[in-house]
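**Q** What follows is the file entry37.csv, containing CSV, C-alpha atoms:
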```csv
chain,number,residue,atom,x,y,z
A,1,MET,CA,131.8,95.4,119.1
A,2,MET,CA,130.6,92.6,116.8
A,3,ASP,CA,128.6,91.2,119.6
A,4,MET,CA,126.9,94.6,120.1
A,5,LEU,CA,126.2,94.9,116.4
A,6,ILE,CA,124.6,91.4,116.3
A,7,THR,CA,122.4,92.3,119.3
A,8,ILE,CA,121.3,95.6,117.8
A,9,LEU,CA,120.5,94.1,114.4
A,10,SER,CA,118.5,91.1,115.8
A,11,GLY,CA,116.7,93.4,118.2
A,12,LEU,CA,115.8,95.8,115.4
A,13,SER,CA,114.6,93.0,113.2
A,14,ILE,CA,112.5,91.4,115.9
A,15,ALA,CA,111.0,94.9,116.8
A,16,ILE,CA,109.9,95.4,113.2
A,17,GLY,CA,108.3,91.9,113.2
A,18,VAL,CA,106.5,92.7,116.5
A,19,VAL,CA,105.1,95.9,115.0
A,20,ALA,CA,103.9,93.9,112.0
A,21,LEU,CA,102.3,91.2,114.2
A,22,LEU,CA,100.4,93.9,116.3
A,23,ILE,CA,99.2,95.7,113.2
A,24,GLY,CA,98.1,92.4,111.6
A,25,SER,CA,96.1,91.2,114.6
A,26,LEU,CA,94.6,94.6,115.1
A,27,GLY,CA,93.4,94.5,111.5
A,28,LEU,CA,92.1,91.0,112.1
A,29,ILE,CA,89.8,92.5,114.8
A,30,ARG,CA,88.9,95.7,113.1
A,31,LEU,CA,88.4,95.1,109.4
A,32,PRO,CA,84.8,94.4,108.3
A,33,ASP,CA,85.0,91.4,106.0
A,34,VAL,CA,86.7,88.1,105.3
A,35,PHE,CA,88.3,89.4,102.2
A,36,CYS,CA,89.6,92.4,104.1
A,37,ARG,CA,90.8,90.3,107.0
A,38,ILE,CA,92.9,88.2,104.6
A,39,HIS,CA,95.1,91.2,104.1
A,40,ALA,CA,95.7,91.5,107.9
A,41,VAL,CA,96.5,87.7,108.1
A,42,GLY,CA,98.9,88.1,105.2
A,43,MET,CA,100.7,90.9,107.2
A,44,ILE,CA,101.1,88.5,110.1
A,45,ASP,CA,102.2,85.6,108.0
A,46,THR,CA,104.8,87.3,105.8
A,47,ALA,CA,106.1,90.4,107.4
A,48,GLY,CA,105.8,89.4,111.1
A,49,ALA,CA,107.0,85.9,110.8
A,50,SER,CA,109.8,86.7,108.3
A,51,PHE,CA,111.3,89.5,110.4
A,52,ILE,CA,111.1,87.6,113.7
A,53,ILE,CA,112.7,84.6,112.1
A,54,LEU,CA,115.4,86.8,110.5
A,55,GLY,CA,116.1,88.3,113.9
A,56,MET,CA,116.4,84.9,115.5
A,57,ILE,CA,118.8,83.8,112.7
A,58,ILE,CA,121.0,86.9,113.2
A,59,HIS,CA,121.0,86.2,117.0
A,60,GLN,CA,121.9,82.5,116.5
A,61,GLY,CA,124.7,82.8,113.9
A,62,PHE,CA,125.4,80.1,111.4
A,63,SER,CA,124.5,76.6,112.9
A,64,LEU,CA,122.0,73.8,112.4
A,65,VAL,CA,119.4,75.7,114.4
A,66,SER,CA,119.6,78.7,112.0
A,67,VAL,CA,119.2,76.4,109.0
A,68,LYS,CA,116.1,75.0,110.6
A,69,LEU,CA,114.8,78.5,111.3
A,70,LEU,CA,115.5,79.3,107.6
A,71,LEU,CA,113.5,76.2,106.6
A,72,ILE,CA,110.6,77.4,108.8
A,73,GLY,CA,110.8,80.8,107.2
A,74,ILE,CA,110.8,79.5,103.6
A,75,PHE,CA,107.9,77.1,104.4
A,76,LEU,CA,105.8,79.9,105.9
A,77,PHE,CA,106.7,82.2,103.1
A,78,PHE,CA,105.5,79.8,100.5
A,79,THR,CA,102.5,78.2,102.2
A,80,SER,CA,100.7,81.0,103.9
A,81,PRO,CA,99.8,82.9,100.7
A,82,ILE,CA,98.5,79.6,99.3
A,83,ALA,CA,96.4,79.0,102.5
A,84,THR,CA,94.9,82.5,102.4
A,85,HIS,CA,94.2,82.3,98.7
A,86,ALA,CA,92.4,79.0,99.3
A,87,VAL,CA,90.4,80.6,102.1
A,88,ALA,CA,89.4,83.5,99.7
A,89,GLN,CA,88.5,81.0,96.9
A,90,VAL,CA,86.3,78.8,99.1
A,91,ALA,CA,84.6,81.8,100.7
A,92,HIS,CA,83.8,83.3,97.2
A,93,LYS,CA,82.6,79.9,96.0
A,94,MET,CA,80.3,79.4,99.0
A,95,GLY,CA,78.7,82.8,98.4
A,96,VAL,CA,80.3,85.3,100.9
A,97,LYS,CA,79.7,88.8,99.5
A,98,PRO,CA,82.4,91.4,99.9
A,99,VAL,CA,81.3,94.5,101.8
A,100,GLY,CA,82.6,97.0,99.3
A,101,ARG,CA,80.2,95.9,96.6
A,102,ASP,CA,77.6,98.5,97.5
A,103,LEU,CA,80.1,101.3,97.2
A,104,VAL,CA,81.1,100.1,93.7
A,105,LYS,CA,77.4,99.7,92.7
A,106,LYS,CA,76.2,103.1,93.8
A,107,SER,CA,78.7,105.5,92.3
A,108,PRO,CA,78.5,104.4,88.6
A,109,ALA,CA,74.8,103.9,88.8
A,110,LYS,CA,74.1,107.5,89.7
A,111,ARG,CA,76.2,108.7,86.8
A,112,ALA,CA,74.6,106.4,84.3
A,113,GLY,CA,71.0,107.2,85.3
A,114,LYS,CA,68.2,105.6,87.2
A,115,ASN,CA,67.5,102.8,84.7
A,116,THR,CA,70.7,100.9,85.5
A,117,ALA,CA,70.5,101.5,89.3
A,118,ARG,CA,69.0,98.1,90.0
A,119,ASN,CA,71.6,96.1,88.1
A,120,LYS,CA,73.5,93.5,90.1
A,121,THR,CA,77.1,94.1,89.0
A,122,GLY,CA,79.0,97.1,87.9
A,123,LYS,CA,79.5,95.6,84.4
A,124,THR,CA,76.3,96.9,82.9
A,125,ALA,CA,76.7,100.2,84.6
A,126,SER,CA,80.1,100.7,83.1
A,127,ALA,CA,78.8,99.5,79.7
A,128,ALA,CA,76.1,102.2,80.0
A,129,SER,CA,78.7,104.8,80.8
A,130,GLU,CA,80.7,103.8,77.8
A,131,LYS,CA,77.6,104.1,75.7
A,132,GLY,CA,77.1,107.6,77.0
A,133,LYS,CA,80.7,108.5,76.1
A,134,SER,CA,80.3,107.3,72.5
B,1,MET,CA,115.3,91.0,126.1
B,2,MET,CA,113.8,91.7,122.8
B,3,MET,CA,112.7,88.1,122.5
B,4,ILE,CA,110.7,88.3,125.7
B,5,VAL,CA,108.9,91.3,124.3
B,6,ALA,CA,108.2,89.4,121.1
B,7,MET,CA,106.8,86.5,123.2
B,8,ILE,CA,104.5,88.9,125.0
B,9,ALA,CA,103.4,90.4,121.7
B,10,CYS,CA,102.7,86.9,120.3
B,11,ALA,CA,100.5,86.3,123.4
B,12,VAL,CA,98.6,89.5,122.8
B,13,CYS,CA,98.1,88.7,119.1
B,14,LEU,CA,96.9,85.2,120.1
B,15,VAL,CA,94.3,86.7,122.4
B,16,LEU,CA,93.1,89.1,119.6
B,17,ALA,CA,92.9,86.2,117.1
B,18,LEU,CA,91.0,84.2,119.6
B,19,VAL,CA,88.5,87.0,119.9
B,20,ARG,CA,88.0,87.0,116.2
B,21,THR,CA,87.6,83.2,116.3
B,22,ALA,CA,84.9,83.5,118.9
B,23,LEU,CA,82.8,86.2,117.2
B,24,GLY,CA,83.6,85.7,113.5
B,25,PRO,CA,80.4,86.0,111.6
B,26,THR,CA,81.2,83.3,109.0
B,27,ALA,CA,83.1,80.1,109.3
B,28,PHE,CA,85.9,81.4,107.0
B,29,ASP,CA,86.7,84.2,109.5
B,30,ARG,CA,87.3,81.4,112.0
B,31,VAL,CA,89.5,79.4,109.6
B,32,LEU,CA,91.5,82.5,108.9
B,33,ALA,CA,91.9,83.4,112.6
B,34,VAL,CA,92.9,79.8,113.4
B,35,ASN,CA,95.5,79.9,110.6
B,36,ALA,CA,96.9,83.1,112.0
B,37,MET,CA,96.9,81.6,115.5
B,38,GLY,CA,98.9,78.7,114.1
B,39,THR,CA,101.6,81.1,112.7
B,40,LEU,CA,101.7,82.9,116.1
B,41,VAL,CA,102.1,79.6,117.9
B,42,ILE,CA,105.0,78.7,115.6
B,43,LEU,CA,106.7,82.0,116.4
B,44,GLY,CA,106.0,81.6,120.1
B,45,ILE,CA,107.5,78.1,120.3
B,46,ALA,CA,110.7,79.2,118.5
B,47,LEU,CA,111.0,82.3,120.7
B,48,HIS,CA,110.4,80.2,123.8
B,49,GLY,CA,113.2,77.9,122.8
B,50,PHE,CA,115.6,80.9,122.4
B,51,VAL,CA,114.5,82.5,125.7
B,52,MET,CA,114.9,79.3,127.7
B,53,GLY,CA,118.2,78.6,126.1
B,54,ARG,CA,117.1,75.4,124.3
B,55,PRO,CA,116.9,76.2,120.6
B,56,GLU,CA,116.0,72.6,119.8
B,57,PHE,CA,112.4,73.7,120.1
B,58,VAL,CA,112.7,74.8,116.5
B,59,ASP,CA,112.0,71.2,115.4
B,60,ILE,CA,108.6,71.4,117.1
B,61,ALA,CA,107.9,74.7,115.5
B,62,LEU,CA,108.7,73.2,112.1
B,63,LEU,CA,106.3,70.3,112.8
B,64,TYR,CA,103.6,72.9,113.8
B,65,ALA,CA,104.2,74.8,110.5
B,66,ILE,CA,103.5,71.6,108.4
B,67,LEU,CA,100.5,70.6,110.6
B,68,ASN,CA,99.0,74.1,110.4
B,69,PHE,CA,99.1,74.1,106.6
B,70,ILE,CA,97.6,70.6,106.2
B,71,GLY,CA,94.9,71.3,108.8
B,72,THR,CA,93.8,74.5,107.1
B,73,PHE,CA,93.5,72.8,103.8
B,74,ALA,CA,91.6,69.8,105.4
B,75,VAL,CA,89.0,72.1,107.0
B,76,LEU,CA,88.6,74.1,103.8
B,77,LYS,CA,88.1,71.0,101.7
B,78,ILE,CA,85.4,69.8,104.1
B,79,PHE,CA,83.7,73.2,103.8
B,80,SER,CA,83.8,73.3,100.1
B,81,THR,CA,83.1,69.6,99.1
B,82,GLY,CA,81.6,68.1,102.2
B,83,SER,CA,84.2,65.2,102.3
B,84,LEU,CA,87.9,64.6,102.5
B,85,GLY,CA,88.0,62.8,99.2
B,86,ASP,CA,86.6,59.4,100.0
B,87,LYS,CA,83.5,58.5,98.0
B,88,SER,CA,81.7,56.5,100.6
B,89,ALA,CA,81.7,59.1,103.4
B,90,GLY,CA,80.9,62.2,101.3
B,91,SER,CA,78.1,61.0,99.1
B,92,LYS,CA,74.7,60.2,100.6
```
Translate this structure into structure tokens?
**A**
Amino acid sequence: MMDMLITILSGLSIAIGVVALLIGSLGLIRLPDVFCRIHAVGMIDTAGASFIILGMIIHQGFSLVSVKLLLIGIFLFFTSPIATHAVAQVAHKMGVKPVGRDLVKKSPAKRAGKNTARNKTGKTASAASEKGKS
Amino acid sequence: MMMIVAMIACAVCLVLALVRTALGPTAFDRVLAVNAMGTLVILGIALHGFVMGRPEFVDIALLYAILNFIGTFAVLKIFSTGSLGDKSAGSK
């Protein structure tokens, strides 16, 4: 009975991890931008890896191997957000533009009028809309 | 049984990340995809150890986790500053 329960729990946990892995790598293929793909890689690194390692720990029981697996899990849980944050920071520093910038620029510029339509960022457009409010 | 399925899923995800590595428009896409491939390789090594009945492979997976982190940061530092910190190699 206990054996069956352990098998079911570890299989369920590994199944959740596999689904997260597949969703993450599909997002890595399909999303349009570096800054969007970072979300997908975060899905792989946190949800997928954590659930699969949890499933292996449940399968193993308490031993030295499960302690090492827990060590891998903790290490991945703390270092992969740091790595993806560093990727985003360096990409922003080297001048990679996010794709959604055009969407943000168009919608307030139409509301504020054609004078601010050529502005680079959304800041002046939002300031103009605040002016219009006051 | 479930672990064999997870190994196959790791292989499929590795292929997808390899496609993104091949056709990523910027270098940062490639760094990101290689980082994800490192995580998938860690999971694949650990699962392989469990499937083959030798869980000592977890040590190698731990080593890969550390090397993946260090390698990503080394490549990113080369991209951002042009050197790995030594003055003679980086400055012209």
**Q** With a distance cut-off of 10 Å and only C-alpha atoms, select the neighbouring residues of region 17-22 of chain B, excluding the residue or stretch itself and same-chain residues fewer than 4 positions from it, and output the selection as a list in words.
**A**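 Within the cut-off, the hits are Gly24, Ser25, Leu26, Leu28, Ile29, Arg30 and Val41 of chain A; Ala11, Val12, Cys13, Thr26, Ala27, Phe28, Asp29, Arg30, Val31, Leu32, Ala33, Val34, Asn35, Ala36, Met37 and Leu40 of chain B.
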**Q** List as a Markdown table every residue of chain B that is in contact with chain A, defined as an atom at most 7 Å from one of its atoms (using all atoms listed in the file), together with the nearest atom pair and the distance in Å rounded to one decimal, sorted by chain and then rising number.
**A**
```
| residue | atom | partner | partner_atom | distance |
| --- | --- | --- | --- | --- |
| B:Met2 | CA | A:Gly11 | CA | 5.7 |
| B:Ala6 | CA | A:Val18 | CA | 5.9 |
| B:Ala9 | CA | A:Val18 | CA | 6.5 |
| B:Cys13 | CA | A:Ser25 | CA | 5.5 |
| B:Leu16 | CA | A:Ser25 | CA | 6.2 |
| B:Ala17 | CA | A:Ser25 | CA | 6.4 |
| B:Arg20 | CA | A:Ile29 | CA | 6.0 |
| B:Phe28 | CA | A:Ala91 | CA | 6.4 |
| B:Asp29 | CA | A:Val34 | CA | 5.7 |
| B:Ala36 | CA | A:Val41 | CA | 6.0 |
| B:Thr39 | CA | A:Asp45 | CA | 6.5 |
| B:Leu43 | CA | A:Ala49 | CA | 6.8 |
| B:Pro55 | CA | A:Val65 | CA | 6.7 |
| B:Val58 | CA | A:Leu69 | CA | 6.7 |
| B:Leu62 | CA | A:Ile72 | CA | 5.7 |
| B:Phe69 | CA | A:Thr79 | CA | 6.9 |
| B:Thr72 | CA | A:Ala83 | CA | 6.9 |
| B:Phe73 | CA | A:Ala83 | CA | 7.0 |
| B:Leu76 | CA | A:Val87 | CA | 7.0 |
| B:Ser80 | CA | A:Val90 | CA | 6.1 |
```
**Q** Provide the CA of Val99 (chain A) to CA of Pro32 (chain A) distance in Å, to one decimal place.
**A**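 That distance, rounded to one decimal, is 7.4 Å.
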**Q** Please report the interatomic distance between CA of Ala61 (chain B) and CA of Leu31 (chain A) in Å with one decimal.
**A**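 CA of Ala61 (chain B) sits 28.9 Å away from CA of Leu31 (chain A).
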**Q** So how far away is CA of Ile57 (chain A) from CA of Leu70 (chain A), in Å?
**A**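 Between CA of Leu70 (chain A) and CA of Ile57 (chain A) the gap works out to 7.6 Å.
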**Q** Set the distance at 9 Å and use only C-alpha atoms: which residues neighbour Glu56 (chain B) once local chain neighbours fewer than 6 positions away are removed? I'd like the list as a PyMOL selection string.
**A** (chain A and resi 65) or (chain B and resi 46+49-50)
**Q** Using all atoms listed in the file, which residues sit within 9 Å of Val51 (chain B) once same-chain residues fewer than 6 positions away are excluded, as a ChimeraX atom specification?
**A** /B:1,3-4
**Q** For Ile66 (chain B), which of A:Leu9, A:Ile74, A:Leu54, A:His39 is the closest residue, counting all atoms listed in the file?
**A** A:Ile74
**Q** What would region 57-89 of chain B look like with N, CA and C atoms restored, written as an mmCIF file, keeping the file's coordinate frame?
**A**
```cif
data_model
loop_
_atom_site.group_PDB
_atom_site.id
_atom_site.type_symbol
_atom_site.label_atom_id
_atom_site.label_comp_id
_atom_site.auth_asym_id
_atom_site.auth_seq_id
_atom_site.Cartn_x
_atom_site.Cartn_y
_atom_site.Cartn_z
ATOM 1 N N PHE B 57 113.803 73.540 120.311
ATOM 2 C CA PHE B 57 112.400 73.700 120.100
ATOM 3 C C PHE B 57 111.977 74.056 118.722
ATOM 4 N N VAL B 58 112.966 74.460 117.922
ATOM 5 C CA VAL B 58 112.700 74.800 116.500
ATOM 6 C C VAL B 58 112.153 73.648 115.745
ATOM 7 N N ASP B 59 112.541 72.426 116.115
ATOM 8 C CA ASP B 59 112.000 71.200 115.400
ATOM 9 C C ASP B 59 110.500 71.144 115.628
ATOM 10 N N ILE B 60 110.050 71.405 116.864
ATOM 11 C CA ILE B 60 108.600 71.400 117.100
ATOM 12 C C ILE B 60 107.900 72.448 116.363
ATOM 13 N N ALA B 61 108.543 73.611 116.233
ATOM 14 C CA ALA B 61 107.900 74.700 115.500
ATOM 15 C C ALA B 61 107.792 74.318 113.998
ATOM 16 N N LEU B 62 108.788 73.634 113.469
ATOM 17 C CA LEU B 62 108.700 73.200 112.100
ATOM 18 C C LEU B 62 107.557 72.194 111.883
ATOM 19 N N LEU B 63 107.396 71.299 112.851
ATOM 20 C CA LEU B 63 106.300 70.300 112.800
ATOM 21 C C LEU B 63 104.947 71.079 112.839
ATOM 22 N N TYR B 64 104.861 72.107 113.692
ATOM 23 C CA TYR B 64 103.600 72.900 113.800
ATOM 24 C C TYR B 64 103.321 73.597 112.474
ATOM 25 N N ALA B 65 104.375 74.082 111.783
ATOM 26 C CA ALA B 65 104.200 74.800 110.500
ATOM 27 C C ALA B 65 103.511 73.840 109.499
ATOM 28 N N ILE B 66 104.033 72.604 109.416
ATOM 29 C CA ILE B 66 103.500 71.600 108.400
ATOM 30 C C ILE B 66 102.058 71.270 108.824
ATOM 31 N N LEU B 67 101.825 71.024 110.131
ATOM 32 C CA LEU B 67 100.500 70.600 110.600
ATOM 33 C C LEU B 67 99.455 71.709 110.359
ATOM 34 N N ASN B 68 99.891 72.978 110.555
ATOM 35 C CA ASN B 68 99.000 74.100 110.400
ATOM 36 C C ASN B 68 98.520 74.199 108.919
ATOM 37 N N PHE B 69 99.456 74.033 107.998
ATOM 38 C CA PHE B 69 99.100 74.100 106.600
ATOM 39 C C PHE B 69 98.159 72.973 106.184
ATOM 40 N N ILE B 70 98.486 71.744 106.599
ATOM 41 C CA ILE B 70 97.600 70.600 106.200
ATOM 42 C C ILE B 70 96.247 70.756 106.867
ATOM 43 N N GLY B 71 96.199 71.219 108.129
ATOM 44 C CA GLY B 71 94.900 71.300 108.800
ATOM 45 C C GLY B 71 94.026 72.366 108.195
ATOM 46 N N THR B 72 94.601 73.515 107.804
ATOM 47 C CA THR B 72 93.800 74.500 107.100
ATOM 48 C C THR B 72 93.185 74.005 105.850
ATOM 49 N N PHE B 73 94.001 73.281 105.070
ATOM 50 C CA PHE B 73 93.500 72.800 103.800
ATOM 51 C C PHE B 73 92.433 71.679 104.036
ATOM 52 N N ALA B 74 92.595 70.875 105.083
ATOM 53 C CA ALA B 74 91.600 69.800 105.400
ATOM 54 C C ALA B 74 90.255 70.457 105.715
ATOM 55 N N VAL B 75 90.277 71.479 106.587
ATOM 56 C CA VAL B 75 89.000 72.100 107.000
ATOM 57 C C VAL B 75 88.373 72.812 105.797
ATOM 58 N N LEU B 76 89.190 73.466 104.949
ATOM 59 C CA LEU B 76 88.600 74.100 103.800
ATOM 60 C C LEU B 76 88.039 73.151 102.793
ATOM 61 N N LYS B 77 88.673 71.987 102.670
ATOM 62 C CA LYS B 77 88.100 71.000 101.700
ATOM 63 C C LYS B 77 86.820 70.430 102.254
ATOM 64 N N ILE B 78 86.723 70.250 103.588
ATOM 65 C CA ILE B 78 85.400 69.800 104.100
ATOM 66 C C ILE B 78 84.362 70.838 103.906
ATOM 67 N N PHE B 79 84.702 72.124 104.051
ATOM 68 C CA PHE B 79 83.700 73.200 103.800
ATOM 69 C C PHE B 79 83.244 73.198 102.377
ATOM 70 N N SER B 80 84.184 73.032 101.444
ATOM 71 C CA SER B 80 83.800 73.300 100.100
ATOM 72 C C SER B 80 83.155 72.028 99.437
ATOM 73 N N THR B 81 83.642 70.815 99.726
ATOM 74 C CA THR B 81 83.100 69.600 99.100
ATOM 75 C C THR B 81 82.298 68.733 99.967
ATOM 76 N N GLY B 82 82.419 68.892 101.273
ATOM 77 C CA GLY B 82 81.600 68.100 102.200
ATOM 78 C C GLY B 82 82.306 66.750 102.541
ATOM 79 N N SER B 83 83.463 66.467 101.947
ATOM 80 C CA SER B 83 84.200 65.200 102.300
ATOM 81 C C SER B 83 85.651 65.480 102.150
ATOM 82 N N LEU B 84 86.445 64.520 102.609
ATOM 83 C CA LEU B 84 87.900 64.600 102.500
ATOM 84 C C LEU B 84 88.401 63.856 101.272
ATOM 85 N N GLY B 85 87.515 63.449 100.362
ATOM 86 C CA GLY B 85 88.000 62.800 99.200
ATOM 87 C C GLY B 85 87.513 61.365 99.013
ATOM 88 N N ASP B 86 87.096 60.726 100.118
ATOM 89 C CA ASP B 86 86.600 59.400 100.000
ATOM 90 C C ASP B 86 85.148 59.373 99.545
ATOM 91 N N LYS B 87 84.809 58.502 98.617
ATOM 92 C CA LYS B 87 83.500 58.500 98.000
ATOM 93 C C LYS B 87 82.397 58.078 98.960
ATOM 94 N N SER B 88 82.715 57.083 99.822
ATOM 95 C CA SER B 88 81.700 56.500 100.600
ATOM 96 C C SER B 88 81.176 57.405 101.723
ATOM 97 N N ALA B 89 82.072 58.221 102.295
ATOM 98 C CA ALA B 89 81.700 59.100 103.400
ATOM 99 C C ALA B 89 80.984 60.343 102.917
#
```
